[in-house]
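entry10.cif follows; it contains mmCIF, N, CA and C atoms and all ligand atoms.
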```cif
data_my_file
#
loop_
_atom_site.label_atom_id
_atom_site.label_comp_id
_atom_site.auth_asym_id
_atom_site.auth_seq_id
_atom_site.Cartn_x
_atom_site.Cartn_y
_atom_site.Cartn_z
N MET Z 1 -17.46 194.42 198.28
CA MET Z 1 -16.23 195.21 198.24
C MET Z 1 -15.35 194.90 199.45
N GLN Z 2 -14.06 194.84 199.23
CA GLN Z 2 -13.16 194.54 200.33
C GLN Z 2 -12.83 195.80 201.12
N SER Z 3 -12.81 195.65 202.43
CA SER Z 3 -12.50 196.78 203.29
C SER Z 3 -11.03 197.16 203.17
N LYS Z 4 -10.77 198.37 203.56
CA LYS Z 4 -9.41 198.88 203.51
C LYS Z 4 -8.54 198.17 204.54
N LEU Z 5 -7.30 197.97 204.19
CA LEU Z 5 -6.39 197.33 205.11
C LEU Z 5 -5.62 198.35 205.93
N THR Z 6 -5.62 198.16 207.22
CA THR Z 6 -4.78 199.02 208.06
C THR Z 6 -3.33 198.60 207.88
N LYS Z 7 -2.43 199.43 208.38
CA LYS Z 7 -1.01 199.16 208.26
C LYS Z 7 -0.65 197.81 208.91
N LEU Z 8 -1.27 197.59 210.06
CA LEU Z 8 -1.00 196.37 210.79
C LEU Z 8 -1.46 195.13 210.00
N ARG Z 9 -2.69 195.19 209.51
CA ARG Z 9 -3.22 194.06 208.75
C ARG Z 9 -2.40 193.81 207.49
N LYS Z 10 -1.99 194.90 206.85
CA LYS Z 10 -1.17 194.79 205.65
C LYS Z 10 0.16 194.12 205.98
N GLY Z 11 0.74 194.54 207.11
CA GLY Z 11 2.01 193.98 207.55
C GLY Z 11 1.91 192.48 207.79
N ILE Z 12 0.82 192.08 208.44
CA ILE Z 12 0.61 190.66 208.72
C ILE Z 12 0.41 189.88 207.43
N LEU Z 13 -0.35 190.47 206.53
CA LEU Z 13 -0.59 189.83 205.23
C LEU Z 13 0.73 189.63 204.48
N GLU Z 14 1.62 190.63 204.55
CA GLU Z 14 2.92 190.54 203.88
C GLU Z 14 3.73 189.36 204.43
N VAL Z 15 3.72 189.23 205.74
CA VAL Z 15 4.46 188.13 206.38
C VAL Z 15 3.95 186.78 205.86
N ILE Z 16 2.63 186.66 205.78
CA ILE Z 16 2.03 185.40 205.32
C ILE Z 16 2.33 185.17 203.84
N LYS Z 17 2.28 186.24 203.06
CA LYS Z 17 2.57 186.13 201.62
C LYS Z 17 4.02 185.71 201.37
N ASP Z 18 4.92 186.28 202.16
CA ASP Z 18 6.35 185.99 201.97
C ASP Z 18 6.72 184.58 202.39
N SER Z 19 5.91 184.01 203.25
CA SER Z 19 6.21 182.68 203.74
C SER Z 19 5.84 181.64 202.68
N LYS Z 20 6.67 180.61 202.62
CA LYS Z 20 6.39 179.55 201.65
C LYS Z 20 5.54 178.45 202.28
N LYS Z 21 5.14 178.67 203.53
CA LYS Z 21 4.36 177.64 204.21
C LYS Z 21 3.35 178.30 205.13
N PRO Z 22 2.32 177.59 205.52
CA PRO Z 22 1.34 178.14 206.46
C PRO Z 22 1.99 178.46 207.81
N LEU Z 23 1.56 179.53 208.42
CA LEU Z 23 2.16 179.98 209.68
C LEU Z 23 1.12 180.03 210.79
N SER Z 24 1.54 179.68 211.99
CA SER Z 24 0.69 179.87 213.16
C SER Z 24 0.74 181.33 213.57
N ALA Z 25 -0.21 181.74 214.41
CA ALA Z 25 -0.24 183.13 214.87
C ALA Z 25 1.07 183.49 215.59
N LYS Z 26 1.58 182.54 216.37
CA LYS Z 26 2.84 182.79 217.10
C LYS Z 26 4.01 182.99 216.15
N ALA Z 27 4.06 182.18 215.08
CA ALA Z 27 5.14 182.32 214.11
C ALA Z 27 5.04 183.66 213.40
N ILE Z 28 3.82 184.08 213.10
CA ILE Z 28 3.62 185.38 212.45
C ILE Z 28 4.09 186.50 213.37
N LEU Z 29 3.77 186.35 214.63
CA LEU Z 29 4.19 187.33 215.63
C LEU Z 29 5.71 187.45 215.65
N ASN Z 30 6.40 186.31 215.61
CA ASN Z 30 7.86 186.32 215.63
C ASN Z 30 8.46 186.94 214.38
N LEU Z 31 7.80 186.73 213.25
CA LEU Z 31 8.35 187.21 211.97
C LEU Z 31 8.00 188.66 211.70
N SER Z 32 6.97 189.14 212.35
CA SER Z 32 6.49 190.48 212.05
C SER Z 32 7.34 191.55 212.75
N SER Z 33 7.44 192.70 212.10
CA SER Z 33 8.20 193.79 212.69
C SER Z 33 7.34 194.63 213.63
N PHE Z 34 6.02 194.33 213.65
CA PHE Z 34 5.11 195.07 214.53
C PHE Z 34 5.18 194.55 215.96
N LYS Z 35 5.07 195.45 216.89
CA LYS Z 35 4.95 195.05 218.29
C LYS Z 35 3.46 194.91 218.59
N MET Z 36 3.04 193.69 218.93
CA MET Z 36 1.61 193.50 219.24
C MET Z 36 1.46 192.24 220.09
N ASP Z 37 0.31 192.13 220.72
CA ASP Z 37 0.08 190.91 221.48
C ASP Z 37 -0.74 189.92 220.66
N LEU Z 38 -0.88 188.73 221.20
CA LEU Z 38 -1.54 187.66 220.43
C LEU Z 38 -3.00 187.98 220.11
N SER Z 39 -3.70 188.64 221.04
CA SER Z 39 -5.12 188.90 220.76
C SER Z 39 -5.26 189.90 219.60
N THR Z 40 -4.33 190.83 219.49
CA THR Z 40 -4.36 191.77 218.36
C THR Z 40 -4.14 191.03 217.05
N ILE Z 41 -3.19 190.12 217.09
CA ILE Z 41 -2.88 189.40 215.86
C ILE Z 41 -4.04 188.47 215.47
N TYR Z 42 -4.69 187.87 216.46
CA TYR Z 42 -5.83 187.01 216.15
C TYR Z 42 -6.98 187.81 215.53
N ARG Z 43 -7.19 189.00 216.05
CA ARG Z 43 -8.25 189.85 215.48
C ARG Z 43 -7.93 190.19 214.03
N ALA Z 44 -6.68 190.53 213.78
CA ALA Z 44 -6.26 190.87 212.41
C ALA Z 44 -6.38 189.66 211.49
N LEU Z 45 -5.99 188.49 212.01
CA LEU Z 45 -6.06 187.27 211.20
C LEU Z 45 -7.51 186.91 210.87
N ASN Z 46 -8.39 187.07 211.86
CA ASN Z 46 -9.81 186.81 211.62
C ASN Z 46 -10.35 187.72 210.53
N PHE Z 47 -9.97 188.98 210.62
CA PHE Z 47 -10.41 189.94 209.61
C PHE Z 47 -9.92 189.53 208.22
N LEU Z 48 -8.63 189.22 208.13
CA LEU Z 48 -8.04 188.85 206.83
C LEU Z 48 -8.68 187.59 206.27
N GLU Z 49 -9.04 186.68 207.17
CA GLU Z 49 -9.67 185.44 206.73
C GLU Z 49 -11.10 185.70 206.25
N GLU Z 50 -11.81 186.52 207.00
CA GLU Z 50 -13.18 186.87 206.60
C GLU Z 50 -13.21 187.54 205.24
N GLN Z 51 -12.22 188.37 205.01
CA GLN Z 51 -12.15 189.11 203.74
C GLN Z 51 -11.51 188.28 202.63
N ARG Z 52 -11.13 187.05 202.96
CA ARG Z 52 -10.55 186.10 202.01
C ARG Z 52 -9.21 186.56 201.44
N TYR Z 53 -8.46 187.26 202.23
CA TYR Z 53 -7.07 187.51 201.85
C TYR Z 53 -6.24 186.27 202.16
N ILE Z 54 -6.64 185.60 203.23
CA ILE Z 54 -5.91 184.41 203.67
C ILE Z 54 -6.90 183.29 204.00
N TYR Z 55 -6.35 182.09 204.13
CA TYR Z 55 -7.14 180.92 204.50
C TYR Z 55 -6.41 180.21 205.63
N SER Z 56 -7.09 179.28 206.25
CA SER Z 56 -6.43 178.60 207.36
C SER Z 56 -6.73 177.11 207.36
N LEU Z 57 -5.87 176.38 208.02
CA LEU Z 57 -6.13 174.97 208.27
C LEU Z 57 -5.74 174.68 209.71
N SER Z 58 -6.39 173.69 210.29
CA SER Z 58 -6.09 173.35 211.68
C SER Z 58 -5.39 172.01 211.75
N PHE Z 59 -4.39 171.95 212.59
CA PHE Z 59 -3.67 170.70 212.78
C PHE Z 59 -3.25 170.59 214.24
N SER Z 60 -3.60 169.51 214.88
CA SER Z 60 -3.27 169.31 216.30
C SER Z 60 -3.69 170.49 217.15
N GLY Z 61 -4.85 171.04 216.86
CA GLY Z 61 -5.37 172.13 217.66
C GLY Z 61 -4.74 173.48 217.38
N VAL Z 62 -3.83 173.54 216.41
CA VAL Z 62 -3.21 174.82 216.06
C VAL Z 62 -3.70 175.24 214.69
N LYS Z 63 -4.02 176.52 214.57
CA LYS Z 63 -4.49 177.04 213.30
C LYS Z 63 -3.31 177.61 212.52
N PHE Z 64 -3.17 177.24 211.28
CA PHE Z 64 -2.11 177.74 210.43
C PHE Z 64 -2.73 178.56 209.30
N TYR Z 65 -2.14 179.71 209.03
CA TYR Z 65 -2.69 180.61 208.03
C TYR Z 65 -1.83 180.63 206.78
N PHE Z 66 -2.48 180.69 205.63
CA PHE Z 66 -1.73 180.77 204.39
C PHE Z 66 -2.46 181.65 203.40
N GLU Z 67 -1.69 182.13 202.43
CA GLU Z 67 -2.25 183.00 201.40
C GLU Z 67 -2.51 182.17 200.15
N SER Z 68 -3.60 182.42 199.49
CA SER Z 68 -3.92 181.67 198.29
C SER Z 68 -4.90 182.47 197.45
N LYS Z 69 -4.67 182.45 196.15
CA LYS Z 69 -5.55 183.23 195.27
C LYS Z 69 -6.99 182.73 195.32
N LYS Z 70 -7.13 181.41 195.19
CA LYS Z 70 -8.49 180.85 195.09
C LYS Z 70 -8.90 180.10 196.34
N GLY Z 71 -8.01 180.06 197.31
CA GLY Z 71 -8.33 179.29 198.51
C GLY Z 71 -7.80 177.88 198.46
N ASN Z 72 -7.14 177.53 197.36
CA ASN Z 72 -6.57 176.20 197.26
C ASN Z 72 -5.25 176.12 198.03
N GLY Z 73 -4.99 174.98 198.62
CA GLY Z 73 -3.72 174.77 199.30
C GLY Z 73 -3.33 173.31 199.23
N HIS Z 74 -2.02 173.06 199.12
CA HIS Z 74 -1.51 171.68 199.03
C HIS Z 74 -0.34 171.55 199.98
N PHE Z 75 -0.49 170.74 201.00
CA PHE Z 75 0.53 170.70 202.04
C PHE Z 75 0.89 169.30 202.49
N LEU Z 76 2.15 169.18 202.91
CA LEU Z 76 2.62 167.99 203.60
C LEU Z 76 2.94 168.42 205.02
N ILE Z 77 2.48 167.66 205.99
CA ILE Z 77 2.79 168.04 207.37
C ILE Z 77 3.33 166.83 208.12
N CYS Z 78 4.36 167.09 208.92
CA CYS Z 78 4.97 166.02 209.72
C CYS Z 78 4.25 165.94 211.06
N SER Z 79 3.76 164.76 211.38
CA SER Z 79 2.98 164.61 212.61
C SER Z 79 3.88 164.63 213.85
N GLU Z 80 5.20 164.49 213.66
CA GLU Z 80 6.12 164.55 214.80
C GLU Z 80 6.55 165.98 215.11
N CYS Z 81 7.17 166.64 214.14
CA CYS Z 81 7.75 167.96 214.40
C CYS Z 81 6.88 169.10 213.84
N HIS Z 82 5.78 168.76 213.18
CA HIS Z 82 4.84 169.74 212.63
C HIS Z 82 5.42 170.62 211.55
N LYS Z 83 6.51 170.16 210.93
CA LYS Z 83 7.07 170.90 209.80
C LYS Z 83 6.08 170.81 208.63
N ILE Z 84 5.84 171.94 207.99
CA ILE Z 84 4.89 171.97 206.88
C ILE Z 84 5.59 172.35 205.59
N LEU Z 85 5.30 171.62 204.53
CA LEU Z 85 5.80 171.96 203.21
C LEU Z 85 4.61 172.20 202.29
N GLU Z 86 4.76 173.18 201.43
CA GLU Z 86 3.72 173.39 200.43
C GLU Z 86 4.21 172.81 199.12
N PHE Z 87 3.35 172.12 198.40
CA PHE Z 87 3.75 171.67 197.07
C PHE Z 87 2.85 172.29 196.01
N GLU Z 88 3.45 172.53 194.85
CA GLU Z 88 2.77 173.29 193.80
C GLU Z 88 1.82 172.41 192.99
N ASN Z 89 2.27 171.19 192.80
CA ASN Z 89 1.56 170.29 191.92
C ASN Z 89 0.14 170.03 192.37
N CYS Z 90 -0.82 170.53 191.62
CA CYS Z 90 -2.21 170.28 192.00
C CYS Z 90 -2.66 168.93 191.46
N VAL Z 91 -3.01 168.06 192.37
CA VAL Z 91 -3.44 166.72 191.97
C VAL Z 91 -4.96 166.58 192.12
N ALA Z 92 -5.62 167.69 192.39
CA ALA Z 92 -7.03 167.59 192.81
C ALA Z 92 -8.04 167.96 191.73
N LEU Z 93 -7.59 168.50 190.60
CA LEU Z 93 -8.58 169.01 189.65
C LEU Z 93 -9.46 167.92 189.08
N GLY Z 94 -8.88 166.76 188.78
CA GLY Z 94 -9.65 165.63 188.29
C GLY Z 94 -10.64 165.16 189.36
N LEU Z 95 -10.15 165.15 190.58
CA LEU Z 95 -10.96 164.72 191.72
C LEU Z 95 -12.14 165.68 191.92
N GLN Z 96 -11.87 166.96 191.74
CA GLN Z 96 -12.89 167.98 191.88
C GLN Z 96 -14.06 167.72 190.93
N LYS Z 97 -13.70 167.37 189.71
CA LYS Z 97 -14.70 167.08 188.69
C LYS Z 97 -15.54 165.87 189.11
N LYS Z 98 -14.85 164.89 189.64
CA LYS Z 98 -15.50 163.66 190.07
C LYS Z 98 -16.47 163.93 191.23
N MET Z 99 -16.06 164.80 192.14
CA MET Z 99 -16.91 165.16 193.29
C MET Z 99 -18.21 165.79 192.81
N LYS Z 100 -18.07 166.62 191.79
CA LYS Z 100 -19.25 167.28 191.27
C LYS Z 100 -20.20 166.26 190.65
N GLU Z 101 -19.62 165.35 189.86
CA GLU Z 101 -20.44 164.34 189.21
C GLU Z 101 -21.11 163.43 190.24
N GLU Z 102 -20.33 163.08 191.27
CA GLU Z 102 -20.84 162.11 192.22
C GLU Z 102 -21.79 162.70 193.25
N TYR Z 103 -21.47 163.90 193.73
CA TYR Z 103 -22.26 164.46 194.84
C TYR Z 103 -23.02 165.73 194.47
N GLY Z 104 -22.76 166.23 193.27
CA GLY Z 104 -23.48 167.40 192.80
C GLY Z 104 -23.00 168.71 193.38
N TYR Z 105 -21.89 168.69 194.11
CA TYR Z 105 -21.37 169.93 194.69
C TYR Z 105 -20.61 170.73 193.64
N GLU Z 106 -20.87 172.01 193.66
CA GLU Z 106 -20.05 172.91 192.85
C GLU Z 106 -18.83 173.26 193.70
N ILE Z 107 -17.67 172.74 193.35
CA ILE Z 107 -16.48 172.90 194.21
C ILE Z 107 -15.83 174.25 193.95
N ALA Z 108 -15.60 175.01 195.01
CA ALA Z 108 -14.98 176.32 194.88
C ALA Z 108 -13.48 176.27 195.16
N SER Z 109 -13.09 175.46 196.10
CA SER Z 109 -11.67 175.38 196.43
C SER Z 109 -11.38 174.09 197.17
N HIS Z 110 -10.09 173.83 197.37
CA HIS Z 110 -9.74 172.61 198.10
C HIS Z 110 -8.46 172.81 198.89
N ILE Z 111 -8.36 172.10 199.99
CA ILE Z 111 -7.12 172.06 200.76
C ILE Z 111 -6.72 170.61 200.88
N LEU Z 112 -5.54 170.29 200.36
CA LEU Z 112 -5.02 168.94 200.49
C LEU Z 112 -3.98 168.93 201.58
N LEU Z 113 -4.15 168.05 202.55
CA LEU Z 113 -3.22 167.99 203.65
C LEU Z 113 -2.79 166.54 203.83
N PHE Z 114 -1.54 166.29 203.51
CA PHE Z 114 -0.99 164.95 203.68
C PHE Z 114 -0.20 164.89 204.98
N LYS Z 115 -0.58 163.97 205.85
CA LYS Z 115 0.12 163.84 207.12
C LYS Z 115 1.06 162.66 207.08
N GLY Z 116 2.18 162.80 207.75
CA GLY Z 116 3.13 161.69 207.80
C GLY Z 116 4.37 162.09 208.55
N LEU Z 117 5.49 161.45 208.20
CA LEU Z 117 6.76 161.75 208.86
C LEU Z 117 7.71 162.37 207.87
N CYS Z 118 8.32 163.49 208.23
CA CYS Z 118 9.31 164.13 207.37
C CYS Z 118 10.59 163.28 207.39
N PRO Z 119 11.48 163.48 206.39
CA PRO Z 119 12.71 162.67 206.33
C PRO Z 119 13.51 162.70 207.62
N LYS Z 120 13.60 163.87 208.23
CA LYS Z 120 14.37 164.01 209.46
C LYS Z 120 13.81 163.14 210.59
N CYS Z 121 12.49 163.18 210.75
CA CYS Z 121 11.86 162.41 211.82
C CYS Z 121 11.91 160.92 211.52
N GLN Z 122 11.84 160.54 210.25
CA GLN Z 122 11.99 159.13 209.89
C GLN Z 122 13.36 158.64 210.31
N ASP Z 123 14.39 159.44 209.99
CA ASP Z 123 15.77 159.13 210.36
C ASP Z 123 15.90 158.95 211.85
N TYR Z 124 15.37 159.94 212.55
CA TYR Z 124 15.46 159.96 214.01
C TYR Z 124 14.80 158.73 214.61
N LEU Z 125 13.60 158.43 214.14
CA LEU Z 125 12.85 157.30 214.70
C LEU Z 125 13.51 155.97 214.34
N ASN Z 126 14.09 155.90 213.13
CA ASN Z 126 14.79 154.68 212.73
C ASN Z 126 16.00 154.42 213.63
N ARG Z 127 16.74 155.51 213.89
CA ARG Z 127 17.93 155.38 214.73
C ARG Z 127 17.56 154.99 216.16
N LYS Z 128 16.46 155.58 216.61
CA LYS Z 128 16.00 155.29 217.96
C LYS Z 128 15.62 153.81 218.07
N ARG Z 129 14.94 153.34 217.03
CA ARG Z 129 14.52 151.94 217.00
C ARG Z 129 15.74 151.02 217.02
N GLU Z 130 16.75 151.39 216.20
CA GLU Z 130 17.96 150.56 216.12
C GLU Z 130 18.68 150.51 217.44
N SER Z 131 18.78 151.63 218.10
CA SER Z 131 19.52 151.67 219.34
C SER Z 131 18.80 150.91 220.45
N MET Z 132 17.49 150.81 220.29
CA MET Z 132 16.73 150.06 221.28
C MET Z 132 16.77 148.56 220.98
N GLY Z 133 16.94 148.27 219.63
CA GLY Z 133 16.89 146.89 219.12
C GLY Z 133 17.94 146.01 219.78
ZN ZN Z 201 9.33 165.86 211.27
ZN ZN Z 202 -5.01 172.26 193.85
#
```
Translate this structure into structure tokens?
Amino acid sequence: MQSKLTKLRKGILEVIKDSKKPLSAKAILNLSSFKMDLSTIYRALNFLEEQRYIYSLSFSGVKFYFESKKGNGHFLICSECHKILEFENCVALGLQKKMKEEYGYEIASHILLFKGLCPKCQDYLNRKRESMG
């Protein structure tokens, strides 16, 4: 059974739900209407994660939290500016089946994280290269 949510935890969960992308604890703090310090928010996030209201992924030493019904997540992340996009299209279901056949794992969920350069950073780096050229 899931434990009851306090007002604070509920508020944090709402912020994460409303976001279209995974958020760091600092970003959640900025978006939230609650006044709290980082250790309070980390405690709440740990609780929400343990209770499987939210899930997380780590990138460059920063933990990003997102909401998902089954724990699945599909993201593009820019290695320069750390901009994250979520995409809806699940490309993993066939792969999941294959994993089961090949390794015998019963797959419960998946997180797809594609790393690269966002259009803005590609532009920026191209221009920088040209000006140096
Ligand atoms: Zn970028
Ligand atoms: Zn998927």
- prompt: Between CA of Tyr105 (chain Z) and CA of Val91 (chain Z), what is the distance, to one decimal in Å?
  reply: 18.4 Å
I'd like a table as a tab-separated table: residues in chain Z with an atom no more than 6.5 Å from ligand ZN 202 (chain Z), each row giving the shortest atom pair and its distance in Å to one decimal, all atoms listed in the file counted, sorted by chain and rising residue number.
```
residue	atom	partner	partner_atom	distance
Z:Asn72	CA	Z:ZN202	ZN	5.4
Z:Gly73	N	Z:ZN202	ZN	5.5
Z:His74	N	Z:ZN202	ZN	6.1
Z:Asn89	C	Z:ZN202	ZN	5.8
Z:Cys90	CA	Z:ZN202	ZN	3.9
Z:Val91	N	Z:ZN202	ZN	4.9
Z:Ala92	N	Z:ZN202	ZN	4.8
Z:Leu93	N	Z:ZN202	ZN	5.6
Z:His110	C	Z:ZN202	ZN	6.1
```
task: Mind the document's chain letters and residue numbers, and return as a VMD selection string the residues of chain Z that DSSP labels alpha helix (DSSP H).
output: chain Z and resid 7 to 18 25 to 31 38 to 50 93 to 103 119 to 132
- prompt: Which residue, Z:Arg43, Z:Lys17, Z:Lys26, Z:Lys98, has the smallest gap to Lys63 (chain Z) when you use only N, CA and C atoms?
  reply: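 Of all the options, Z:Lys26 lies closest to Lys63 (chain Z).
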query: Between Z:Gly11, Z:Gly71, Z:Pro22, Z:Gly61, which has the minimum distance to Ile111 (chain Z) (counting only N, CA and C atoms)?
result: Z:Gly71
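Proximity to ligand ZN 201 (chain Z) was assessed for Z:Ile16, Z:Leu8, Z:Ala27, Z:Ile84 counting all atoms listed in the file; the smallest distance is recorded for Z:Ile84.
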- prompt: What does the distance from CA of Tyr53 (chain Z) to CA of Ser79 (chain Z) come to in Å, to one decimal?
  reply: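 Pair CA of Tyr53 (chain Z) / CA of Ser79 (chain Z) returns 27.2 Å.
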- request: Check every protein, DNA and RNA residue against ligand ZN 201 (chain Z), keep those with an atom at most 6.5 Å away (counting all atoms listed in the file), and present them as a list in words.
  value: Cys78, Ser79, Glu80, Cys81, His82, Lys83, Leu117, Cys118, Pro119, Lys120, Cys121 and Gln122 of chain Z
field: Distance of CA of Leu23 (chain Z) from CA of Ala108 (chain Z), expressed in Å to one decimal place
entry: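 One can read the CA of Ala108 (chain Z) to CA of Leu23 (chain Z) distance as 22.9 Å.
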Ile107 (chain Z): which residues within 8 Å, counting all atoms listed in the file, same-chain residues fewer than 5 positions away excluded, as a PDB file with N, CA and C atoms, in the frame of the given file?
```pdb
ATOM      1  N   GLN Z  96     -11.870 166.960 191.740  1.00  0.00           N
ATOM      2  CA  GLN Z  96     -12.890 167.980 191.880  1.00  0.00           C
ATOM      3  C   GLN Z  96     -14.060 167.720 190.930  1.00  0.00           C
ATOM      4  N   LYS Z  97     -13.700 167.370 189.710  1.00  0.00           N
ATOM      5  CA  LYS Z  97     -14.700 167.080 188.690  1.00  0.00           C
ATOM      6  C   LYS Z  97     -15.540 165.870 189.110  1.00  0.00           C
ATOM      7  N   MET Z  99     -16.060 164.800 192.140  1.00  0.00           N
ATOM      8  CA  MET Z  99     -16.910 165.160 193.290  1.00  0.00           C
ATOM      9  C   MET Z  99     -18.210 165.790 192.810  1.00  0.00           C
ATOM     10  N   LYS Z 100     -18.070 166.620 191.790  1.00  0.00           N
ATOM     11  CA  LYS Z 100     -19.250 167.280 191.270  1.00  0.00           C
ATOM     12  C   LYS Z 100     -20.200 166.260 190.650  1.00  0.00           C
TER      13      LYS Z 100
END
```
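Among the candidate residues Z:Ser109, Z:Ser32, Z:Gly94, Z:Tyr103, the one lying nearest to Lys69 (chain Z) is Z:Ser109, with distances computed using only C-alpha atoms.
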Let's see if you can do this: from backbone DSSP, list all strand (DSSP E or B) residues in chain Z, as a tab-separated table (two decimals) with N, CA and C atoms, keeping the file's coordinate frame.
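result_20.tsv, written as the output of this step:
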```tsv
chain	number	residue	atom	x	y	z
Z	23	LEU	N	1.56	179.53	208.42
Z	23	LEU	CA	2.16	179.98	209.68
Z	23	LEU	C	1.12	180.03	210.79
Z	24	SER	N	1.54	179.68	211.99
Z	24	SER	CA	0.69	179.87	213.16
Z	24	SER	C	0.74	181.33	213.57
Z	54	ILE	N	-6.64	185.60	203.23
Z	54	ILE	CA	-5.91	184.41	203.67
Z	54	ILE	C	-6.90	183.29	204.00
Z	55	TYR	N	-6.35	182.09	204.13
Z	55	TYR	CA	-7.14	180.92	204.50
Z	55	TYR	C	-6.41	180.21	205.63
Z	56	SER	N	-7.09	179.28	206.25
Z	56	SER	CA	-6.43	178.60	207.36
Z	56	SER	C	-6.73	177.11	207.36
Z	57	LEU	N	-5.87	176.38	208.02
Z	57	LEU	CA	-6.13	174.97	208.27
Z	57	LEU	C	-5.74	174.68	209.71
Z	58	SER	N	-6.39	173.69	210.29
Z	58	SER	CA	-6.09	173.35	211.68
Z	58	SER	C	-5.39	172.01	211.75
Z	59	PHE	N	-4.39	171.95	212.59
Z	59	PHE	CA	-3.67	170.70	212.78
Z	59	PHE	C	-3.25	170.59	214.24
Z	62	VAL	N	-3.83	173.54	216.41
Z	62	VAL	CA	-3.21	174.82	216.06
Z	62	VAL	C	-3.70	175.24	214.69
Z	63	LYS	N	-4.02	176.52	214.57
Z	63	LYS	CA	-4.49	177.04	213.30
Z	63	LYS	C	-3.31	177.61	212.52
Z	64	PHE	N	-3.17	177.24	211.28
Z	64	PHE	CA	-2.11	177.74	210.43
Z	64	PHE	C	-2.73	178.56	209.30
Z	65	TYR	N	-2.14	179.71	209.03
Z	65	TYR	CA	-2.69	180.61	208.03
Z	65	TYR	C	-1.83	180.63	206.78
Z	66	PHE	N	-2.48	180.69	205.63
Z	66	PHE	CA	-1.73	180.77	204.39
Z	66	PHE	C	-2.46	181.65	203.40
Z	67	GLU	N	-1.69	182.13	202.43
Z	67	GLU	CA	-2.25	183.00	201.40
Z	67	GLU	C	-2.51	182.17	200.15
Z	73	GLY	N	-4.99	174.98	198.62
Z	73	GLY	CA	-3.72	174.77	199.30
Z	73	GLY	C	-3.33	173.31	199.23
Z	74	HIS	N	-2.02	173.06	199.12
Z	74	HIS	CA	-1.51	171.68	199.03
Z	74	HIS	C	-0.34	171.55	199.98
Z	75	PHE	N	-0.49	170.74	201.00
Z	75	PHE	CA	0.53	170.70	202.04
Z	75	PHE	C	0.89	169.30	202.49
Z	76	LEU	N	2.15	169.18	202.91
Z	76	LEU	CA	2.62	167.99	203.60
Z	76	LEU	C	2.94	168.42	205.02
Z	77	ILE	N	2.48	167.66	205.99
Z	77	ILE	CA	2.79	168.04	207.37
Z	77	ILE	C	3.33	166.83	208.12
Z	78	CYS	N	4.36	167.09	208.92
Z	78	CYS	CA	4.97	166.02	209.72
Z	78	CYS	C	4.25	165.94	211.06
Z	84	ILE	N	5.84	171.94	207.99
Z	84	ILE	CA	4.89	171.97	206.88
Z	84	ILE	C	5.59	172.35	205.59
Z	85	LEU	N	5.30	171.62	204.53
Z	85	LEU	CA	5.80	171.96	203.21
Z	85	LEU	C	4.61	172.20	202.29
Z	86	GLU	N	4.76	173.18	201.43
Z	86	GLU	CA	3.72	173.39	200.43
Z	86	GLU	C	4.21	172.81	199.12
Z	111	ILE	N	-8.36	172.10	199.99
Z	111	ILE	CA	-7.12	172.06	200.76
Z	111	ILE	C	-6.72	170.61	200.88
Z	112	LEU	N	-5.54	170.29	200.36
Z	112	LEU	CA	-5.02	168.94	200.49
Z	112	LEU	C	-3.98	168.93	201.58
Z	113	LEU	N	-4.15	168.05	202.55
Z	113	LEU	CA	-3.22	167.99	203.65
Z	113	LEU	C	-2.79	166.54	203.83
Z	114	PHE	N	-1.54	166.29	203.51
Z	114	PHE	CA	-0.99	164.95	203.68
Z	114	PHE	C	-0.20	164.89	204.98
Z	115	LYS	N	-0.58	163.97	205.85
Z	115	LYS	CA	0.12	163.84	207.12
Z	115	LYS	C	1.06	162.66	207.08
Z	116	GLY	N	2.18	162.80	207.75
Z	116	GLY	CA	3.13	161.69	207.80
Z	116	GLY	C	4.37	162.09	208.55
```
message: With only C-alpha atoms as the counted atoms, please give the residues lying no more than 12 Å from Phe34 (chain Z), apart from itself and same-chain residues fewer than 5 positions off, as a list in words.
response: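 Within the cut-off, the hits are Lys7, Leu8, Arg9, Lys10, Gly11, Ile12, Glu14, Val15, Ile28, Leu29, Thr40 and Ile41 of chain Z.
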query: Which polymer residues have any atom within 8 Å of an atom of Ala25 (chain Z), counting only N, CA and C atoms, with same-chain residues fewer than 6 positions away left out, as JSON, numbers by chain?
result: {"Z": [31, 38, 41, 42, 62, 63, 64, 65]}
Taking all atoms of region 3-14 of chain Z that appear in the file, build a box with edges along x, y and z, extend it by 8 Å on every side, and state its centre and edge lengths in Å to one decimal, as AutoDock Vina command-line options.
```
--center_x -4.5 --center_y 194.4 --center_z 206.6 --size_x 32.5 --size_y 26.1 --size_z 24.4
```
- request: Determine the nearest neighbour of Leu113 (chain Z) from the options Z:Leu76, Z:Met132, Z:Ser24, Z:Lys4, counting only N, CA and C atoms.
  value: Z:Leu76
List every protein, DNA or RNA residue with an atom no more than 6.5 Å from (-3.9, 164.7, 210.9) in the file's coordinates, counting only N, CA and C atoms, and format the result as a PDB file with N, CA and C atoms, in the coordinates of the input.
```pdb
ATOM      1  N   PHE Z  59      -4.390 171.950 212.590  1.00  0.00           N
ATOM      2  CA  PHE Z  59      -3.670 170.700 212.780  1.00  0.00           C
ATOM      3  C   PHE Z  59      -3.250 170.590 214.240  1.00  0.00           C
ATOM      4  N   SER Z  60      -3.600 169.510 214.880  1.00  0.00           N
ATOM      5  CA  SER Z  60      -3.270 169.310 216.300  1.00  0.00           C
ATOM      6  C   SER Z  60      -3.690 170.490 217.150  1.00  0.00           C
ATOM      7  N   LYS Z 115      -0.580 163.970 205.850  1.00  0.00           N
ATOM      8  CA  LYS Z 115       0.120 163.840 207.120  1.00  0.00           C
ATOM      9  C   LYS Z 115       1.060 162.660 207.080  1.00  0.00           C
TER      10      LYS Z 115
END
```
- request: Could you check which of Z:Leu13, Z:Asn126, Z:Ile77, Z:Ser33 is closest to Leu48 (chain Z), using all atoms listed in the file?
  value: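 Under the stated criterion, the closest residue is Z:Leu13.
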